[in-house]
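Colleague: Handing you a structure now.
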Amino acid sequence: MKDSLFIKAAFSEKTERPPVWMMRQAGRFMPQYWEIKNKYSFLEMCKTPEIAADVTMLPVDLLGIDAAILFSDILVTGEAMGGDLSFTAGVGPKFANPVRTQADVDALETNVGDRLQYVADAIKVIQQRLNGSIPLIGFAGAPFTVMSYLVEGGSSKDFKLAKLMLHNEPEMAHQLLSKIATVTADYLNLQIAAGVNAIQIFDSWAQALSWDDYTEFSHRYIQEIISKLDRKDIPVISFCKGSSVFAPLMAEAKPDVISIDWNVDLLDIKNRLPKGIAVQGNLDPHILYADKKVIKDRIHRLFERMRGEDGFIFNLGHGIMPDIPFDNVKYAVEVIKEFRY
Ligand code: CP3
């Protein structure tokens, strides 16, 4: 795998063009996803290795992207710790037993590798299907983002309860975050042992935090997780929404790649990072709703800006929205794959 475009770019080596994959590529914008989804619940899909492999392979076969990402969810760690997780159409993820008190935190389990074995099984099936063609990215949610779902009991606009726990009950919040960090490091090492070729940590809601709170309640746990990984030759990507602000701090956790949101000029932020840290990003996903000439123009604009830079992986600044036209995503991948530095 070390000769693949994606792994080379992740380790800041020269490539003839930027590699491409897109966050949330294994999902709802593909009509073929719905053919599977109409037959099973989301968690059934995640927990049945053959089905998880089928969905992982959809964007590989239909789009020809340069890296696959495991079909799963960041909330499976919360479920394994004791969260009563469900996904309902139109509602999104729900934990029926939110974590709000010290007793709730104490009840969460941390030795949960057995409960996540289905992910290792899925990884093995996916690697047979990929057969060495492109790398497979494994992933997990960052502690603060997973905590926000556990405390709120589901998605939230303002993270009021999760932030209130940080501010009013910092000791309890640290115990909760520390438990999630322990589970997450073990879980990512389980994925590495099962055969993933790269790791991404998603801290989707870090942008809700002030600099001080991000430092105390998010960054330090991501740093702990990364320091515990059996990295071998496996690149680690750190993503957060808010990376245009937090990237210099994220770099201190020593990831190989930082995935950047679309609020910042990608070259400017790369130049502010230590040498040897690659960047991934950072097209506004809304561009994929626009006309094809706009899509092409904006991709070329980004690539011209990054021309001559080693260590650049094309991605969106956040995940693909479910109603983005499939044809536009396919077109974007074609434009990217035709480009040469
Ligand atoms: O990137 C990929 O395609 C791989 C699979 C993947 C999923 N979720 C599948 C999924 C990944 C990497 C995730 C990560 C994830 N899950 C994040 C971080 C990424 C990000 O976009 O910030 C977050 C915050 C979650 C939590 C979560 N899971 C949400 C908010 C939702 C959607 C709720 C909704 O209905 O809008 C999910 C469900 C989910 N995870 C779906 C998929 C394909 C949709 C399930 C369905 O078909 O209904």
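Ligands are numbered from 1 in the order shown, residues from 1 within each chain, and chains are lettered A, B, ... in the order they appear in the structure tokens.
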Might you pull out every residue within 12 Å of A:Asn263, with only C-alpha atoms counted and same-chain residues fewer than 6 positions away left off, and present them as a VMD selection string?

Modeller: chain A and resid 207 241 to 246 269 281 to 285 316 to 318

Colleague: Could those selected residues go to a file with N, CA, C and O atoms, as a PDB file, in the first residue's frame?

Modeller:
ATOM      1  N   GLN A 207     -15.883  22.669  16.807  1.00  0.00           N
ATOM      2  CA  GLN A 207     -16.100  24.106  16.548  1.00  0.00           C
ATOM      3  C   GLN A 207     -17.019  24.763  17.587  1.00  0.00           C
ATOM      4  O   GLN A 207     -17.063  25.980  17.675  1.00  0.00           O
ATOM      5  N   LYS A 241     -14.206  19.871  12.607  1.00  0.00           N
ATOM      6  CA  LYS A 241     -14.880  21.069  12.103  1.00  0.00           C
ATOM      7  C   LYS A 241     -14.416  22.151  13.064  1.00  0.00           C
ATOM      8  O   LYS A 241     -14.623  22.042  14.279  1.00  0.00           O
ATOM      9  N   GLY A 242     -13.727  23.157  12.491  1.00  0.00           N
ATOM     10  CA  GLY A 242     -13.075  24.151  13.353  1.00  0.00           C
ATOM     11  C   GLY A 242     -11.557  24.098  13.190  1.00  0.00           C
ATOM     12  O   GLY A 242     -10.823  24.848  13.820  1.00  0.00           O
ATOM     13  N   SER A 243     -11.102  23.218  12.286  1.00  0.00           N
ATOM     14  CA  SER A 243      -9.652  23.055  12.100  1.00  0.00           C
ATOM     15  C   SER A 243      -9.010  24.312  11.540  1.00  0.00           C
ATOM     16  O   SER A 243      -7.807  24.519  11.711  1.00  0.00           O
ATOM     17  N   SER A 244      -9.794  25.167  10.871  1.00  0.00           N
ATOM     18  CA  SER A 244      -9.192  26.412  10.359  1.00  0.00           C
ATOM     19  C   SER A 244      -8.688  27.266  11.523  1.00  0.00           C
ATOM     20  O   SER A 244      -7.806  28.089  11.343  1.00  0.00           O
ATOM     21  N   VAL A 245      -9.238  27.055  12.711  1.00  0.00           N
ATOM     22  CA  VAL A 245      -8.759  27.746  13.915  1.00  0.00           C
ATOM     23  C   VAL A 245      -7.793  26.859  14.706  1.00  0.00           C
ATOM     24  O   VAL A 245      -6.730  27.295  15.127  1.00  0.00           O
ATOM     25  N   PHE A 246      -8.179  25.580  14.864  1.00  0.00           N
ATOM     26  CA  PHE A 246      -7.454  24.716  15.810  1.00  0.00           C
ATOM     27  C   PHE A 246      -6.253  23.973  15.206  1.00  0.00           C
ATOM     28  O   PHE A 246      -5.506  23.333  15.945  1.00  0.00           O
ATOM     29  N   ILE A 269      -2.918  27.773   5.631  1.00  0.00           N
ATOM     30  CA  ILE A 269      -2.910  26.991   6.878  1.00  0.00           C
ATOM     31  C   ILE A 269      -1.792  25.953   6.836  1.00  0.00           C
ATOM     32  O   ILE A 269      -1.122  25.719   7.837  1.00  0.00           O
ATOM     33  N   GLY A 281      -8.358  18.300   2.338  1.00  0.00           N
ATOM     34  CA  GLY A 281      -9.491  19.234   2.274  1.00  0.00           C
ATOM     35  C   GLY A 281      -9.586  19.857   0.906  1.00  0.00           C
ATOM     36  O   GLY A 281      -9.034  19.330  -0.053  1.00  0.00           O
ATOM     37  N   ASN A 282     -10.139  20.971   0.880  1.00  0.00           N
ATOM     38  CA  ASN A 282     -11.027  21.613   1.826  1.00  0.00           C
ATOM     39  C   ASN A 282     -12.141  22.313   1.054  1.00  0.00           C
ATOM     40  O   ASN A 282     -12.534  23.415   1.382  1.00  0.00           O
ATOM     41  N   LEU A 283     -12.647  21.582   0.016  1.00  0.00           N
ATOM     42  CA  LEU A 283     -13.725  22.162  -0.801  1.00  0.00           C
ATOM     43  C   LEU A 283     -15.009  22.254   0.027  1.00  0.00           C
ATOM     44  O   LEU A 283     -15.375  21.294   0.715  1.00  0.00           O
ATOM     45  N   ASP A 284     -15.672  23.401  -0.065  1.00  0.00           N
ATOM     46  CA  ASP A 284     -16.999  23.543   0.551  1.00  0.00           C
ATOM     47  C   ASP A 284     -17.927  22.499  -0.089  1.00  0.00           C
ATOM     48  O   ASP A 284     -18.135  22.523  -1.307  1.00  0.00           O
ATOM     49  N   PRO A 285     -18.495  21.580   0.687  1.00  0.00           N
ATOM     50  CA  PRO A 285     -19.333  20.540   0.064  1.00  0.00           C
ATOM     51  C   PRO A 285     -20.511  21.108  -0.721  1.00  0.00           C
ATOM     52  O   PRO A 285     -20.987  20.463  -1.658  1.00  0.00           O
ATOM     53  N   LEU A 316     -13.520  17.038   0.942  1.00  0.00           N
ATOM     54  CA  LEU A 316     -14.411  18.152   1.234  1.00  0.00           C
ATOM     55  C   LEU A 316     -14.050  18.681   2.625  1.00  0.00           C
ATOM     56  O   LEU A 316     -13.400  17.988   3.407  1.00  0.00           O
ATOM     57  N   GLY A 317     -14.525  19.877   2.941  1.00  0.00           N
ATOM     58  CA  GLY A 317     -14.264  20.429   4.274  1.00  0.00           C
ATOM     59  C   GLY A 317     -15.079  19.730   5.350  1.00  0.00           C
ATOM     60  O   GLY A 317     -14.771  19.820   6.541  1.00  0.00           O
ATOM     61  N   HIS A 318     -16.148  19.042   4.947  1.00  0.00           N
ATOM     62  CA  HIS A 318     -16.943  18.203   5.844  1.00  0.00           C
ATOM     63  C   HIS A 318     -17.618  17.174   4.943  1.00  0.00           C
ATOM     64  O   HIS A 318     -17.331  17.117   3.747  1.00  0.00           O
TER      65      HIS A 318
END

Colleague: Can you work out which residues are within 9 Å of ligand 1, considering only C-alpha atoms and all ligand atoms, and then hand them over as number ranges by chain?

Modeller: A: 22-29, 33-34, 37-38, 41-43, 46, 55-56, 59, 68-75, 87-93, 138-141, 145-146, 149, 154-155, 200-205, 239-241, 318-322

Colleague: Using DSSP on the backbone coordinates, identify all residues within stretch 13-171 of chain A classified as alpha helix (DSSP H); present the result as a PyMOL selection string.

Modeller: chain A and resi 31-37+42-47+49-63+76-80+102-107+117-130+143-152+160-168+170-171

Colleague: What is the distance between atom CA of A:Ala10 and atom CA of A:Thr184, in Å to one decimal?

Modeller: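 Atom-to-atom, atom CA of A:Ala10 and atom CA of A:Thr184 are spaced 21.7 Å apart.
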
Colleague: Between A:Ser133, A:Ser227, A:Asn189, A:Asn315, which one has atoms that come closest to A:Val333, using only C-alpha atoms?

Modeller: A:Asn315

Colleague: Between A:Pro31, A:Gly64, A:Pro143, A:Pro255, single out the one closest to A:Ala332, counting only C-alpha atoms.

Modeller: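 For A:Ala332, the nearest of the candidates is A:Gly64.
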
Colleague: Grab the atom CA of A:Lys337 to atom CA of A:Arg17 distance for me, in Å with one decimal place.

Modeller: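 For atom CA of A:Lys337 relative to atom CA of A:Arg17, the distance reads 7.3 Å.
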